[in-house]
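Undergrad: Coordinates in run.csv, CSV, C-alpha atoms, are listed below.
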chain,number,residue,atom,x,y,z
A,1309,MET,CA,97.9,75.7,120.3
A,1310,VAL,CA,96.0,74.4,117.3
A,1311,ALA,CA,93.9,71.2,117.7
A,1312,THR,CA,94.4,68.6,115.0
A,1313,LEU,CA,91.5,66.6,113.6
A,1314,HIS,CA,93.1,63.6,111.9
A,1315,VAL,CA,90.8,61.9,109.4
A,1316,CYS,CA,91.5,58.4,108.1
A,1317,ILE,CA,91.2,58.7,104.4
A,1318,THR,CA,91.8,55.0,103.7
A,1319,CYS,CA,89.0,53.6,105.9
A,1320,LYS,CA,86.8,51.0,104.3
A,1321,ALA,CA,84.7,50.7,107.5
A,1322,GLY,CA,85.0,47.0,107.4
A,1323,GLN,CA,83.1,46.7,104.1
A,1324,PRO,CA,84.1,46.1,100.5
A,1325,VAL,CA,84.4,49.3,98.4
A,1326,PRO,CA,82.8,49.0,94.9
A,1327,GLU,CA,85.2,49.6,92.0
A,1328,GLY,CA,85.5,53.3,91.2
A,1329,GLU,CA,83.9,54.5,94.4
A,1330,ALA,CA,85.7,56.5,97.1
A,1331,CYS,CA,86.1,54.7,100.4
A,1332,PRO,CA,84.1,55.8,103.4
A,1333,GLY,CA,87.1,57.5,104.9
A,1334,ALA,CA,87.8,59.6,101.8
A,1335,ARG,CA,84.1,60.5,101.6
A,1336,LEU,CA,84.1,61.7,105.2
A,1337,HIS,CA,87.3,63.7,104.6
A,1338,ALA,CA,85.7,65.3,101.5
A,1339,ALA,CA,82.6,66.2,103.5
A,1340,LEU,CA,84.7,67.8,106.3
A,1341,ILE,CA,86.9,69.9,104.1
A,1342,ALA,CA,83.8,71.1,102.2
A,1343,GLU,CA,82.7,72.9,105.4
A,1344,ALA,CA,84.2,76.0,106.9
A,1345,CYS,CA,87.0,74.9,109.2
A,1346,PRO,CA,86.5,76.2,112.8
A,1347,GLU,CA,89.1,78.6,114.3
A,1348,GLY,CA,91.8,76.8,116.1
A,1349,VAL,CA,91.3,73.5,114.2
A,1350,ARG,CA,93.3,72.0,111.4
A,1351,ILE,CA,92.1,69.0,109.4
A,1352,VAL,CA,94.9,66.5,108.5
A,1353,PRO,CA,94.3,63.4,106.4
A,1354,VAL,CA,96.1,60.2,107.6
A,1355,GLU,CA,96.3,56.7,106.3
A,1356,CYS,CA,94.8,54.4,108.9
A,1357,LEU,CA,93.9,55.1,112.5
A,1358,SER,CA,93.8,51.3,113.2
A,1359,ALA,CA,90.0,51.5,113.8
A,1360,CYS,CA,89.2,49.6,110.6
A,1361,ASN,CA,86.2,47.8,111.8
A,1362,SER,CA,84.7,50.9,113.6
A,1363,GLY,CA,85.3,53.4,110.8
A,1364,ALA,CA,85.1,55.9,109.3
A,1365,ALA,CA,87.2,57.3,112.1
A,1366,VAL,CA,88.7,60.6,113.2
A,1367,ALA,CA,91.1,61.6,116.0
A,1368,LEU,CA,91.2,64.9,117.9
A,1369,SER,CA,94.4,65.8,119.6
A,1370,ARG,CA,96.5,68.6,120.8
A,1371,PRO,CA,99.8,68.6,122.8
A,1372,GLY,CA,99.1,68.7,126.6
A,1373,SER,CA,95.4,67.7,126.1
A,1374,TRP,CA,93.3,64.6,126.2
A,1375,SER,CA,93.1,62.9,122.8
A,1376,TYR,CA,89.9,61.3,121.4
A,1377,VAL,CA,89.1,58.8,118.7
A,1378,TYR,CA,85.6,58.6,117.2
A,1379,GLY,CA,84.2,56.0,114.9
A,1380,ARG,CA,81.3,54.8,112.8
A,1381,LEU,CA,81.2,58.3,111.2
A,1382,GLU,CA,79.3,59.2,108.0
A,1383,PRO,CA,79.7,62.3,105.8
A,1384,ALA,CA,76.3,63.5,107.2
A,1385,HIS,CA,78.1,63.9,110.6
A,1386,ALA,CA,80.6,66.5,109.2
A,1387,GLY,CA,78.9,69.5,110.7
A,1388,ASP,CA,78.6,67.9,114.1
A,1389,ILE,CA,82.2,66.7,114.0
A,1390,LEU,CA,83.5,70.2,113.3
A,1391,ALA,CA,81.3,71.7,116.0
A,1392,GLY,CA,82.7,69.1,118.4
A,1393,ALA,CA,86.3,69.9,117.2
A,1394,ALA,CA,85.6,73.6,117.7
A,1395,ALA,CA,84.5,73.0,121.3
A,1396,TYR,CA,87.6,70.9,121.9
A,1397,ALA,CA,89.8,73.7,120.5
A,1398,ARG,CA,88.2,76.2,122.8
A,1399,SER,CA,88.8,74.0,125.9
A,1400,SER,CA,92.0,74.3,127.9
A,1401,ASP,CA,92.6,70.6,128.3
A,1402,GLY,CA,90.5,68.8,125.7
A,1403,LEU,CA,87.8,68.0,128.3
A,1404,VAL,CA,84.5,69.4,126.9
A,1405,PRO,CA,81.5,69.4,129.3
A,1406,TRP,CA,79.2,66.5,128.4
A,1407,ARG,CA,76.2,68.6,127.3
A,1408,GLU,CA,78.4,70.7,125.0
A,1409,ARG,CA,79.6,67.6,123.1
A,1410,PRO,CA,77.7,66.8,119.9
A,1411,VAL,CA,75.6,63.6,120.2
A,1412,VAL,CA,77.9,61.8,117.7
A,1413,PHE,CA,80.9,62.4,120.1
A,1414,ARG,CA,78.9,61.3,123.1
A,1415,LYS,CA,77.8,58.0,121.5
A,1416,GLN,CA,80.6,57.1,119.1
A,1417,SER,CA,83.8,57.4,121.1
A,1418,LEU,CA,86.2,54.6,120.5
A,1419,ALA,CA,88.8,55.7,123.0
A,1420,ARG,CA,90.5,58.5,124.7
A,1421,ILE,CA,94.1,59.0,125.8
A,1422,PRO,CA,95.3,61.1,128.7
A,1423,PRO,CA,97.6,64.1,128.1
A,1424,GLN,CA,101.1,63.2,127.3
A,1425,GLU,CA,103.4,64.6,130.0
A,1426,ALA,CA,106.9,65.4,128.8
A,1427,THR,CA,109.0,63.3,131.2
A,1428,PRO,CA,112.7,62.7,130.8
B,22,MET,CA,111.7,59.9,126.8
B,23,VAL,CA,109.7,57.5,128.8
B,24,ALA,CA,106.7,55.7,127.3
B,25,THR,CA,103.5,55.7,129.3
B,26,LEU,CA,101.2,52.7,129.6
B,27,HIS,CA,97.9,54.0,130.8
B,28,VAL,CA,95.7,51.3,132.2
B,29,CYS,CA,92.0,52.0,132.8
B,30,ILE,CA,91.3,50.8,136.3
B,31,THR,CA,87.5,51.4,136.3
B,32,CYS,CA,86.7,49.3,133.2
B,33,LYS,CA,83.8,46.9,133.6
B,34,ALA,CA,84.3,45.6,130.0
B,35,GLY,CA,80.6,46.2,129.4
B,36,GLN,CA,79.6,43.6,132.0
B,37,PRO,CA,78.1,43.8,135.5
B,38,VAL,CA,80.8,43.3,138.2
B,39,PRO,CA,79.6,41.0,141.1
B,40,GLU,CA,79.6,42.7,144.5
B,41,GLY,CA,82.9,42.5,146.2
B,42,GLU,CA,84.9,41.6,143.1
B,43,ALA,CA,87.5,43.8,141.4
B,44,CYS,CA,86.4,45.1,138.0
B,45,PRO,CA,88.3,43.8,134.9
B,46,GLY,CA,90.3,47.0,134.6
B,47,ALA,CA,91.5,46.8,138.2
B,48,ARG,CA,92.4,43.1,137.7
B,49,LEU,CA,94.4,43.9,134.6
B,50,HIS,CA,96.2,46.7,136.3
B,51,ALA,CA,97.1,44.4,139.3
B,52,ALA,CA,98.4,41.8,136.8
B,53,LEU,CA,100.6,44.4,135.1
B,54,ILE,CA,102.2,45.9,138.2
B,55,ALA,CA,102.8,42.4,139.5
B,56,GLU,CA,105.3,41.8,136.7
B,57,ALA,CA,108.7,43.5,136.2
B,58,CYS,CA,108.2,46.9,134.5
B,59,PRO,CA,110.3,47.1,131.3
B,60,GLU,CA,113.0,49.8,131.0
B,61,GLY,CA,111.7,53.0,129.5
B,62,VAL,CA,108.0,52.3,130.4
B,63,ARG,CA,105.9,53.6,133.3
B,64,ILE,CA,102.5,52.2,134.2
B,65,VAL,CA,99.9,54.8,135.1
B,66,PRO,CA,96.4,54.0,136.2
B,67,VAL,CA,93.6,56.1,134.8
B,68,GLU,CA,89.9,56.3,135.3
B,69,CYS,CA,88.2,55.6,131.9
B,70,LEU,CA,89.7,55.4,128.5
B,71,SER,CA,86.3,55.7,126.9
B,72,ALA,CA,86.6,52.2,125.5
B,73,CYS,CA,84.0,50.8,127.9
B,74,ASN,CA,82.5,48.2,125.6
B,75,SER,CA,85.9,47.1,124.3
B,76,GLY,CA,87.7,46.8,127.6
B,77,ALA,CA,89.7,46.2,129.6
B,78,ALA,CA,91.8,48.7,127.8
B,79,VAL,CA,95.3,50.3,127.9
B,80,ALA,CA,96.9,53.1,125.9
B,81,LEU,CA,100.5,53.5,125.0
B,82,SER,CA,101.8,57.0,124.3
B,83,ARG,CA,104.9,59.1,124.3
B,84,PRO,CA,105.4,62.8,123.2
B,85,GLY,CA,106.3,62.9,119.5
B,86,SER,CA,105.3,59.3,118.8
B,87,TRP,CA,102.2,57.5,117.6
B,88,SER,CA,99.8,56.5,120.4
B,89,TYR,CA,97.9,53.2,120.5
B,90,VAL,CA,94.9,52.0,122.4
B,91,TYR,CA,94.3,48.2,122.8
B,92,GLY,CA,91.2,46.5,124.1
B,93,ARG,CA,89.5,43.3,125.1
B,94,LEU,CA,92.5,42.6,127.4
B,95,GLU,CA,92.7,40.0,130.2
B,96,PRO,CA,95.1,39.7,133.1
B,97,ALA,CA,96.6,36.7,131.3
B,98,HIS,CA,97.8,39.2,128.6
B,99,ALA,CA,100.0,41.1,131.1
B,100,GLY,CA,103.3,39.6,129.9
B,101,ASP,CA,102.6,40.2,126.3
B,102,ILE,CA,101.3,43.8,126.9
B,103,LEU,CA,104.6,44.6,128.8
B,104,ALA,CA,106.7,43.0,126.0
B,105,GLY,CA,104.8,45.2,123.5
B,106,ALA,CA,105.3,48.2,125.6
B,107,ALA,CA,109.0,47.5,125.8
B,108,ALA,CA,109.2,47.3,122.0
B,109,TYR,CA,107.3,50.5,121.7
B,110,ALA,CA,109.7,52.2,124.2
B,111,ARG,CA,112.7,51.0,122.2
B,112,SER,CA,111.3,52.4,118.9
B,113,SER,CA,112.1,56.0,117.9
B,114,ASP,CA,108.5,56.9,116.8
B,115,GLY,CA,106.2,54.4,118.3
B,116,LEU,CA,106.0,52.4,115.1
B,117,VAL,CA,107.1,48.8,115.9
B,118,PRO,CA,107.6,46.4,113.0
B,119,TRP,CA,104.6,44.2,112.7
B,120,ARG,CA,106.3,40.9,113.4
B,121,GLU,CA,107.8,42.4,116.6
B,122,ARG,CA,104.4,43.2,118.0
B,123,PRO,CA,102.8,40.7,120.3
B,124,VAL,CA,99.8,39.0,118.8
B,125,VAL,CA,97.5,40.7,121.3
B,126,PHE,CA,98.6,44.1,119.9
B,127,ARG,CA,98.2,43.0,116.3
B,128,LYS,CA,94.7,41.7,116.8
B,129,GLN,CA,93.3,43.9,119.5
B,130,SER,CA,94.1,47.5,118.4
B,131,LEU,CA,91.1,49.8,119.0
B,132,ALA,CA,92.8,52.9,117.5
B,133,ARG,CA,96.0,54.8,117.0
B,134,ILE,CA,96.7,58.5,116.8
B,135,PRO,CA,99.5,60.2,114.9
B,136,PRO,CA,102.2,62.1,116.7
B,137,GLN,CA,101.1,65.4,118.0
B,138,GLU,CA,103.2,68.1,116.4
B,139,ALA,CA,103.7,71.2,118.4
B,140,THR,CA,102.2,73.9,116.2
B,141,PRO,CA,101.6,77.4,117.3
What does the file become when written as structure tokens?

TA:
Amino acid sequence: MVATLHVCITCKAGQPVPEGEACPGARLHAALIAEACPEGVRIVPVECLSACNSGAAVALSRPGSWSYVYGRLEPAHAGDILAGAAAYARSSDGLVPWRERPVVFRKQSLARIPPQEATP
Amino acid sequence: MVATLHVCITCKAGQPVPEGEACPGARLHAALIAEACPEGVRIVPVECLSACNSGAAVALSRPGSWSYVYGRLEPAHAGDILAGAAAYARSSDGLVPWRERPVVFRKQSLARIPPQEATP
């Protein structure tokens, strides 16, 4: 099952965006898609992850796995974000051993959500 | 499909917990289960939603719907949290019209995650 890396492309990270400049979320998305996408990961742009004051933000999710939201991200984090997404994609349940997580994931988690069980 | 309200029961909300006192997450959970649980909602305790500095925290999720994480919650918010969870449970996709969300949900969202599509 493919892991999805949602990237908020409208995030202003709580700051005004100068006229004619791309917002922090759009710049983060551009930096992510400029790199090679890891196997088992797809990058999906989204408008607003409701983490506006802690952006730029991304969410990692996959049916049946823990979901994670990370914030305060910059384009320079793109490589580490993709490495963390790749480790997530390789895991069976979304729980990556602590030392295998990139520092940006260890320090900039905004929240996680347990797996969604399909209940009637 | 039942909506799940995950409640972090280990949250210290970034503060020391005096010896012998229940932590903020446990107190929030106690306040929630003391009220009548709305139809279509189940309350599930969880250890850590990784929102430690923005707790106490809860997450609302349901397969195929948007997921939400809310923070900085107090036991006094229990009624509003359950009203918001009930509105979420009544929605088809987790997107509740803004004016139907309790104020605590409008103002204290930490993040949301788009529906997880089952892709191969």

Undergrad: Would you work out the distance separating atom CA of Val62 of chain B from atom CA of Thr1312 of chain A, expressed in Å to one decimal?

TA: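 Value for the atom CA of Val62 of chain B-atom CA of Thr1312 of chain A distance: 26.2 Å.
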
Undergrad: Taking all atoms listed in the file into account, find every residue of chain B that has an atom no more than 12 Å from chain A, and write it out as a PDB file with C-alpha atoms, keeping the file's coordinate frame.

TA:
ATOM      1  CA  MET B  22     111.700  59.900 126.800  1.00  0.00           C
ATOM      2  CA  VAL B  23     109.700  57.500 128.800  1.00  0.00           C
ATOM      3  CA  ALA B  24     106.700  55.700 127.300  1.00  0.00           C
ATOM      4  CA  THR B  25     103.500  55.700 129.300  1.00  0.00           C
ATOM      5  CA  LEU B  26     101.200  52.700 129.600  1.00  0.00           C
ATOM      6  CA  HIS B  27      97.900  54.000 130.800  1.00  0.00           C
ATOM      7  CA  VAL B  28      95.700  51.300 132.200  1.00  0.00           C
ATOM      8  CA  CYS B  29      92.000  52.000 132.800  1.00  0.00           C
ATOM      9  CA  GLY B  61     111.700  53.000 129.500  1.00  0.00           C
ATOM     10  CA  VAL B  62     108.000  52.300 130.400  1.00  0.00           C
ATOM     11  CA  ARG B  63     105.900  53.600 133.300  1.00  0.00           C
ATOM     12  CA  VAL B  65      99.900  54.800 135.100  1.00  0.00           C
ATOM     13  CA  PRO B  66      96.400  54.000 136.200  1.00  0.00           C
ATOM     14  CA  VAL B  67      93.600  56.100 134.800  1.00  0.00           C
ATOM     15  CA  GLU B  68      89.900  56.300 135.300  1.00  0.00           C
ATOM     16  CA  CYS B  69      88.200  55.600 131.900  1.00  0.00           C
ATOM     17  CA  LEU B  70      89.700  55.400 128.500  1.00  0.00           C
ATOM     18  CA  SER B  71      86.300  55.700 126.900  1.00  0.00           C
ATOM     19  CA  ALA B  72      86.600  52.200 125.500  1.00  0.00           C
ATOM     20  CA  CYS B  73      84.000  50.800 127.900  1.00  0.00           C
ATOM     21  CA  ASN B  74      82.500  48.200 125.600  1.00  0.00           C
ATOM     22  CA  SER B  75      85.900  47.100 124.300  1.00  0.00           C
ATOM     23  CA  GLY B  76      87.700  46.800 127.600  1.00  0.00           C
ATOM     24  CA  ALA B  77      89.700  46.200 129.600  1.00  0.00           C
ATOM     25  CA  ALA B  78      91.800  48.700 127.800  1.00  0.00           C
ATOM     26  CA  VAL B  79      95.300  50.300 127.900  1.00  0.00           C
ATOM     27  CA  ALA B  80      96.900  53.100 125.900  1.00  0.00           C
ATOM     28  CA  LEU B  81     100.500  53.500 125.000  1.00  0.00           C
ATOM     29  CA  SER B  82     101.800  57.000 124.300  1.00  0.00           C
ATOM     30  CA  ARG B  83     104.900  59.100 124.300  1.00  0.00           C
ATOM     31  CA  PRO B  84     105.400  62.800 123.200  1.00  0.00           C
ATOM     32  CA  GLY B  85     106.300  62.900 119.500  1.00  0.00           C
ATOM     33  CA  SER B  86     105.300  59.300 118.800  1.00  0.00           C
ATOM     34  CA  TRP B  87     102.200  57.500 117.600  1.00  0.00           C
ATOM     35  CA  SER B  88      99.800  56.500 120.400  1.00  0.00           C
ATOM     36  CA  TYR B  89      97.900  53.200 120.500  1.00  0.00           C
ATOM     37  CA  VAL B  90      94.900  52.000 122.400  1.00  0.00           C
ATOM     38  CA  TYR B  91      94.300  48.200 122.800  1.00  0.00           C
ATOM     39  CA  GLY B  92      91.200  46.500 124.100  1.00  0.00           C
ATOM     40  CA  PHE B 126      98.600  44.100 119.900  1.00  0.00           C
ATOM     41  CA  ARG B 127      98.200  43.000 116.300  1.00  0.00           C
ATOM     42  CA  LYS B 128      94.700  41.700 116.800  1.00  0.00           C
ATOM     43  CA  GLN B 129      93.300  43.900 119.500  1.00  0.00           C
ATOM     44  CA  SER B 130      94.100  47.500 118.400  1.00  0.00           C
ATOM     45  CA  LEU B 131      91.100  49.800 119.000  1.00  0.00           C
ATOM     46  CA  ALA B 132      92.800  52.900 117.500  1.00  0.00           C
ATOM     47  CA  ARG B 133      96.000  54.800 117.000  1.00  0.00           C
ATOM     48  CA  ILE B 134      96.700  58.500 116.800  1.00  0.00           C
ATOM     49  CA  PRO B 135      99.500  60.200 114.900  1.00  0.00           C
ATOM     50  CA  PRO B 136     102.200  62.100 116.700  1.00  0.00           C
ATOM     51  CA  GLN B 137     101.100  65.400 118.000  1.00  0.00           C
ATOM     52  CA  GLU B 138     103.200  68.100 116.400  1.00  0.00           C
ATOM     53  CA  ALA B 139     103.700  71.200 118.400  1.00  0.00           C
ATOM     54  CA  THR B 140     102.200  73.900 116.200  1.00  0.00           C
ATOM     55  CA  PRO B 141     101.600  77.400 117.300  1.00  0.00           C
TER      56      PRO B 141
END

Undergrad: Which residue, B:Gly105, B:Val125, B:Asp114, B:Trp119, has the smallest gap to Pro59 of chain B when you use all atoms listed in the file?

TA: B:Gly105

Undergrad: Would you be able to write out as an MDAnalysis selection string which residues have an atom within 12 Å of (106.4, 40.3, 135.4) in the file's coordinates, counting only C-alpha atoms?

TA: chainID B and resid 51:59 96:104

Undergrad: If you measure from atom CA of Leu1381 of chain A to atom CA of Thr31 of chain B, what distance in Å do you get, rounded to one decimal?

TA: 26.8 Å

Undergrad: Mind pulling up the distance from atom CA of Arg111 of chain B to atom CA of Glu95 of chain B?

TA: 24.2 Å

Undergrad: Of the candidates A:Ile1351, A:Ile1317, A:Pro1410, A:Pro1324, which one gets nearest to Leu1336 of chain A if we count only C-alpha atoms?

TA: A:Ile1317
